[in-house]
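As structure tokens, the structure follows; a few thoughts come after it.
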Amino acid sequence: MSAYDLLSEPIRKYIREQKWESLRKIQEASIPRILNTDLNYVLISRTASGKTEAAFLPILSKVNFREEGVKVLYISPLIALINDQFARVEKLCEHLDVRVTKWHGEASKGKKDQLLKNPEGIVLITPESLEAMFVNKPYHVSHLFASLEYVVIDEIHSFLGSDRGMHLKSLLSRLQQINHDRFSIVGLSATVSDVNLYVELKGFLGNTENTKIIRDHTPKPINAVFRYFHSDTQELPIGLLKDLYVRTRDSKALVFPNARGRVEEVAVKLKRLSEKVGGHQNYFSHHSSVDKEVREYVEFFAKNAGLQNFCISCTSTLELGIDIGNVDEVVQIDATNSIASLIQRVGRSGRREGRASNLYLYSTDRWSLLQSLACWLLYSEQYIEPVEVIEKPYDVLLHQILSVIKGSSGLYLHELLAKINENPTFSLISEGEAKEIVNHLQEIGFLEKLGHEYIIGVEGEKVVNNKDFYSFFQTPVFFKVSSQGVKIGELPLSPQIREDENVYLSAKIWKIKYVDYETSRIEVIPAKDGKKPLFFGDAADTVHRIREKMLEILYSDGEYDFLDEEAKRILKEMRKEFSVFPITNLKEERPLLFGNGYTKFYSFAGSRINKTIGFLLDLAGAEYVYDDHSSALICRPPEQEPFTRLAAIRLTEDQINEALCEALKKNPALIKLSKWGPYLPLKFQAEILKTKYYDFDACFRFLEKIKWVHNIGE
DNA sequence: GACCTGCTGCGGCGTG
């Protein structure tokens, strides 16, 4: 029997109405498996290959929706994705008489109330809304989800290896406890490293043995075109902009310039170029600081553009599954920090009849060119970097202790510990450690003892009753920007924010008329000329494999047709420059430059290893400058050259912990990289730093292995 | 220079 024949009649009717000629590969594979077993599955195949249907066609055929209670829970990392999927799933359910309900912060309260009165059908939710339900209405969780049969997790890779993912994993376990392990899980993903596939990904769904992977490897054919335009200033070279304009003016294009300020620069300047020559004016910017309604308009425009061309300059906001349809060209300005990100961005392009699909990779400096080339070569080898899993998420545990106690009417210590013990998210954290965290929470007033039961303390109430409690990410304070009541976006406070200063925002130019510090508002009027806006953030870590590949490229003589003449020249120049280091073993040797009055160590290592080397140099009292862009550490004067001595440094676990605790005492702000970390006992804060910011194991392995090769010649 | 993601409950007001 074909997969189609296995489906229920209403679903087959739906397929016939869609006039699909055939089912997609991933659907053919998933339908019989999901229908015939109760195992967990992870469906992996590239963007727009029909994964949602691969999960929902068989689930809708199989599940009996006549019974009371919500039967299918779909979890998504984005509200926008829920809204897209709602439309698709609701259409699928047309012939089934199954109700679909959106449950997120912006969804209709009325629809949620209806669901509470009559729990049924399918619910689409975010992890944070699920957390809010556990905290505020724990009885609703069991009322709605006690007879759940399937949980579908979209873009599951976005949860792997992050706090947010650990949080979701804990919530899933708490759901299973209510549900008595009856529901199965189907995860959907486009990009997962082989390394993570069988342990972390399966572990994420809770049950490694009962989880199977279904994967469609079919690669996406795409041409890479590299262009090099050097920039010494903060602004993009005019040559690059003109080249970019010509390449994208007759297509639907997405441009990824990596930073919000640059996103605005690209959108405004391309639009201006287009205006001069009478081209289309559909130039937009899309990032977190563009007003939500403006972003929704941009998405709507792209989805319904028909034959009109457009160009959206954006950050990773358009990287995940929001449906804007296919574009003709994807442009990356300067390198991505991960291959996964490159894959997601490339996945945005499709082919229009008779036209080839291209990926343009622009670079504005040589290290970025090298990194971009490394990413592209690794992409071509189908490499994806593994994510680091968090083995002991102490901060997530702290948060979940507060959540569980808030959701109860008081818990004995043994009850609380039993709940933690049941939750696989915390399986590597010992009972003793959990008790220490509980005691600390009591000390700082987050928990209180009422008789022998724990309840939320006075200080804890402030945190738990705040709407900021439900998430694991922190957001800085922004000033809302508007013009005569029309919302435009938001900007952080910077020297740039003052009256009569002109800035770009939402692909337009504005003059600041008034800054209201009381209400954090900025009033602007349209202007003719301005500057790109300033934003602050943390640079994303570059993974180790990309750096290794960069070194391999420098010490190979591989020629790449897809580089333009300028890029070829730059690569040749870099190879010549590095030829003074007689490196033969790329796995173990690294360049050490003795320059005029300085020593420079090119580690070609991941950012976290570099930061850990920096920590060791700090401990040794060495003065140095660290440049992550070129993966280099520079010391002057060279007499104090400390690099070759690093290999001898071997710290015990205790010494590392002690040094980290000292660093935290000196600078308590260090732990702010974790939202809930500041409420942990100091030694656990050190543990968080060890896993999230530094990587001592990898650093010592690296230092043990490498040999420094210094420059020869005059 | 330097990404992104989400958010309850309740009072008060207006409208049908």
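Identifiers in the structure tokens: chain A, B, ... in order shown; residue index from 1 per chain; ligand index from 1 in order shown.
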
Could you give me, as JSON lines, every chain B residue with an atom at most 6 Å from chain A, plus its closest atom pair and distance in Å to one decimal, counting only C-alpha atoms (C1' of nucleotides), rows ordered by chain then number?
```
{"residue": "B:DA2", "atom": "C1'", "partner": "A:Ala539", "partner_atom": "CA", "distance": 4.1}
{"residue": "B:DC3", "atom": "C1'", "partner": "A:Ser316", "partner_atom": "CA", "distance": 6.0}
{"residue": "B:DG6", "atom": "C1'", "partner": "A:Glu128", "partner_atom": "CA", "distance": 6.0}
{"residue": "B:DC7", "atom": "C1'", "partner": "A:Lys467", "partner_atom": "CA", "distance": 5.3}
```

Export of the given selection (N, CA, C and O atoms (P, O5', C5', C4', C3', O3' and C1' of nucleotides)) as a short mmCIF file (atom, residue, chain, number, x, y, z; two decimals), in the first residue's frame:
```cif
data_model
loop_
_atom_site.label_atom_id
_atom_site.label_comp_id
_atom_site.auth_asym_id
_atom_site.auth_seq_id
_atom_site.Cartn_x
_atom_site.Cartn_y
_atom_site.Cartn_z
P DA B 2 28.73 45.96 13.11
"O5'" DA B 2 28.16 45.08 14.33
"C5'" DA B 2 28.63 43.77 14.44
"C4'" DA B 2 27.95 43.00 15.53
"C3'" DA B 2 26.80 43.70 16.27
"O3'" DA B 2 25.76 42.75 16.45
"C1'" DA B 2 28.49 43.01 17.78
P DC B 3 24.27 43.29 16.45
"O5'" DC B 3 23.52 42.35 15.41
"C5'" DC B 3 23.73 40.94 15.46
"C4'" DC B 3 22.47 40.26 14.99
"C3'" DC B 3 21.24 40.59 15.85
"O3'" DC B 3 20.09 40.66 15.04
"C1'" DC B 3 21.79 38.28 16.02
P DG B 6 8.96 35.61 19.62
"O5'" DG B 6 8.75 35.33 21.16
"C5'" DG B 6 8.75 34.00 21.65
"C4'" DG B 6 8.17 34.00 23.04
"C3'" DG B 6 6.84 34.76 23.12
"O3'" DG B 6 5.96 34.02 23.93
"C1'" DG B 6 8.47 35.81 24.50
P DC B 7 4.50 34.47 24.01
"O5'" DC B 7 4.48 35.29 25.39
"C5'" DC B 7 4.76 34.63 26.60
"C4'" DC B 7 4.49 35.57 27.74
"C3'" DC B 7 3.24 36.45 27.56
"O3'" DC B 7 2.41 36.28 28.69
"C1'" DC B 7 5.10 37.76 28.17
#
```

Could you find all residues in segment 15-214 of chain A that DSSP calls alpha helix (DSSP H) from the backbone, and write them as a PyMOL selection string? chain A and resi 15-18+25-36+51-62+79-92+109-117+127-136+138-145+163-179+194-196+202-204

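Counting only C-alpha atoms, the residue from A:Asn596, A:Asn326, A:Phe256, A:Phe310 that sits nearest to Ser341 of chain A is A:Phe256.
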
List the neighbours of Ser603 of chain A out to 7 Å using only C-alpha atoms (C1' of nucleotides); skip same-chain residues closer than 3 positions along the sequence, and give me the result as a CSV table (one decimal) with N, CA and C atoms, in the first residue's frame.
```csv
chain,number,residue,atom,x,y,z
A,590,ARG,N,50.6,26.1,14.8
A,590,ARG,CA,49.9,27.4,14.7
A,590,ARG,C,51.0,28.4,14.6
A,631,SER,N,41.2,35.8,15.0
A,631,SER,CA,41.6,34.8,16.0
A,631,SER,C,43.0,35.0,16.5
A,632,ALA,N,43.4,36.2,16.8
A,632,ALA,CA,44.8,36.5,17.2
A,632,ALA,C,44.9,37.1,18.6
```

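Proximity to Lys683 of chain A was assessed for A:Asp84, A:Glu662, A:Glu552, A:Asp618 counting only C-alpha atoms; the smallest distance is recorded for A:Glu662.
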
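Closest approach to Lys672 of chain A among A:Ser363, A:Thr475, A:Gln655, A:Ser162 is made by A:Thr475 (distances from only C-alpha atoms).
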
Tell me, in Å to one decimal, how far atom CA of Glu391 of chain A is from atom CA of Leu428 of chain A.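 Answer for the atom CA of Glu391 of chain A to atom CA of Leu428 of chain A separation: 6.6 Å.
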
Which of segment 504-673 of chain A DSSP labels strand (DSSP E), written as a compact mmCIF listing (two decimals) with N, CA, C and O atoms, in the first residue's frame:
```
# COMPACT_ATOMS: atom_id res chain seq x y z
N TYR A 504 18.97 56.36 10.27
CA TYR A 504 18.14 55.45 9.46
C TYR A 504 17.37 54.54 10.41
O TYR A 504 17.92 54.09 11.42
N LEU A 505 16.14 54.23 10.08
CA LEU A 505 15.40 53.18 10.79
C LEU A 505 14.23 52.74 9.92
O LEU A 505 13.55 53.58 9.32
N LYS A 508 14.15 53.96 6.32
CA LYS A 508 13.88 55.37 6.04
C LYS A 508 14.83 56.25 6.84
O LYS A 508 15.46 55.79 7.79
N ILE A 509 14.90 57.54 6.43
CA ILE A 509 15.80 58.47 7.11
C ILE A 509 14.99 59.43 7.98
O ILE A 509 13.97 59.97 7.53
N TRP A 510 15.44 59.66 9.22
CA TRP A 510 14.68 60.47 10.17
C TRP A 510 15.55 61.51 10.86
O TRP A 510 16.74 61.26 11.09
N LYS A 511 14.92 62.61 11.23
CA LYS A 511 15.58 63.60 12.09
C LYS A 511 14.94 63.52 13.47
O LYS A 511 13.72 63.51 13.60
N ILE A 512 15.79 63.43 14.51
CA ILE A 512 15.26 63.35 15.87
C ILE A 512 14.79 64.73 16.32
O ILE A 512 15.57 65.69 16.33
N LYS A 513 13.51 64.85 16.64
CA LYS A 513 12.96 66.14 17.08
C LYS A 513 12.96 66.28 18.59
O LYS A 513 13.14 67.35 19.14
N TYR A 514 12.72 65.16 19.27
CA TYR A 514 12.54 65.25 20.71
C TYR A 514 12.82 63.90 21.36
O TYR A 514 12.39 62.85 20.87
N VAL A 515 13.60 63.91 22.44
CA VAL A 515 13.86 62.68 23.18
C VAL A 515 13.22 62.81 24.56
O VAL A 515 13.54 63.72 25.31
N ASP A 516 12.29 61.92 24.87
CA ASP A 516 11.62 61.94 26.17
C ASP A 516 12.23 60.84 27.06
O ASP A 516 11.94 59.66 26.88
N ARG A 521 10.85 57.67 24.92
CA ARG A 521 10.30 57.81 23.57
C ARG A 521 11.09 58.81 22.75
O ARG A 521 11.65 59.77 23.29
N ILE A 522 11.15 58.56 21.45
CA ILE A 522 11.84 59.47 20.54
C ILE A 522 10.86 59.88 19.44
O ILE A 522 10.24 59.01 18.80
N GLU A 523 10.69 61.19 19.24
CA GLU A 523 9.81 61.67 18.18
C GLU A 523 10.69 62.10 17.00
O GLU A 523 11.67 62.83 17.20
N VAL A 524 10.35 61.65 15.82
CA VAL A 524 11.18 61.97 14.65
C VAL A 524 10.33 62.52 13.50
O VAL A 524 9.11 62.35 13.48
N ILE A 525 11.00 63.19 12.54
CA ILE A 525 10.33 63.60 11.30
C ILE A 525 11.19 63.13 10.12
O ILE A 525 12.40 62.91 10.29
N PRO A 526 10.59 62.95 8.95
CA PRO A 526 11.37 62.49 7.80
C PRO A 526 12.53 63.45 7.49
O PRO A 526 12.40 64.66 7.70
N GLU A 589 49.99 22.55 14.32
CA GLU A 589 50.87 23.71 14.31
C GLU A 589 50.09 25.02 14.12
O GLU A 589 49.10 25.06 13.38
N ARG A 590 50.56 26.05 14.82
CA ARG A 590 49.92 27.37 14.70
C ARG A 590 51.00 28.45 14.59
O ARG A 590 52.05 28.35 15.23
N PRO A 591 50.70 29.52 13.80
CA PRO A 591 51.70 30.57 13.58
C PRO A 591 51.91 31.46 14.81
O PRO A 591 50.94 31.86 15.46
N LEU A 592 53.18 31.74 15.11
CA LEU A 592 53.53 32.68 16.17
C LEU A 592 54.45 33.73 15.55
O LEU A 592 55.56 33.41 15.12
N LEU A 593 53.96 34.95 15.47
CA LEU A 593 54.70 35.99 14.75
C LEU A 593 55.52 36.85 15.71
O LEU A 593 54.98 37.45 16.64
N PHE A 594 56.83 36.85 15.49
CA PHE A 594 57.67 37.79 16.24
C PHE A 594 57.78 39.04 15.38
O PHE A 594 58.47 39.05 14.37
N THR A 599 54.51 40.37 19.85
CA THR A 599 54.36 38.97 19.44
C THR A 599 52.89 38.74 19.19
O THR A 599 52.05 39.23 19.94
N LYS A 600 52.60 38.01 18.12
CA LYS A 600 51.21 37.79 17.78
C LYS A 600 50.99 36.30 17.56
O LYS A 600 51.68 35.67 16.79
N PHE A 601 50.01 35.78 18.30
CA PHE A 601 49.71 34.36 18.20
C PHE A 601 48.40 34.17 17.44
O PHE A 601 47.34 34.63 17.87
N TYR A 602 48.50 33.55 16.27
CA TYR A 602 47.29 33.22 15.49
C TYR A 602 46.81 31.84 15.89
O TYR A 602 47.39 30.84 15.46
N VAL A 625 46.21 41.84 23.89
CA VAL A 625 45.02 42.30 23.19
C VAL A 625 44.48 41.11 22.41
O VAL A 625 45.24 40.34 21.84
N TYR A 626 43.17 40.96 22.44
CA TYR A 626 42.57 39.82 21.75
C TYR A 626 41.68 40.32 20.60
O TYR A 626 40.84 41.17 20.79
N ASP A 627 41.91 39.76 19.42
CA ASP A 627 41.08 40.12 18.28
C ASP A 627 40.42 38.86 17.74
O ASP A 627 41.08 38.03 17.10
N ALA A 632 43.39 36.21 16.83
CA ALA A 632 44.77 36.49 17.22
C ALA A 632 44.85 37.11 18.61
O ALA A 632 43.97 37.86 19.03
N LEU A 633 45.93 36.75 19.34
CA LEU A 633 46.24 37.36 20.62
C LEU A 633 47.59 38.05 20.47
O LEU A 633 48.55 37.46 19.98
N ILE A 634 47.64 39.32 20.88
CA ILE A 634 48.85 40.12 20.65
C ILE A 634 49.44 40.58 21.98
O ILE A 634 48.71 41.10 22.83
N CYS A 635 50.75 40.39 22.15
CA CYS A 635 51.43 40.83 23.36
C CYS A 635 52.54 41.81 23.00
O CYS A 635 53.25 41.62 22.02
```

Please provide as a ChimeraX atom specification all residues within 6 Å of Asp328 of chain A, with the sequence filter that same-chain residues fewer than 3 positions apart are discarded (counting only C-alpha atoms (C1' of nucleotides)). /A:251-253,349-350,357

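From atom CA of Leu369 of chain A back to atom CA of Leu571 of chain A, the distance works out to 8.2 Å.
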
Excluding His180 of chain A and residues on its chain fewer than 5 positions from it, collect all residues at most 12 Å away from it, counting only C-alpha atoms (C1' of nucleotides), and give them as a VMD selection string. chain A and resid 142 145 to 149 172 to 175 422
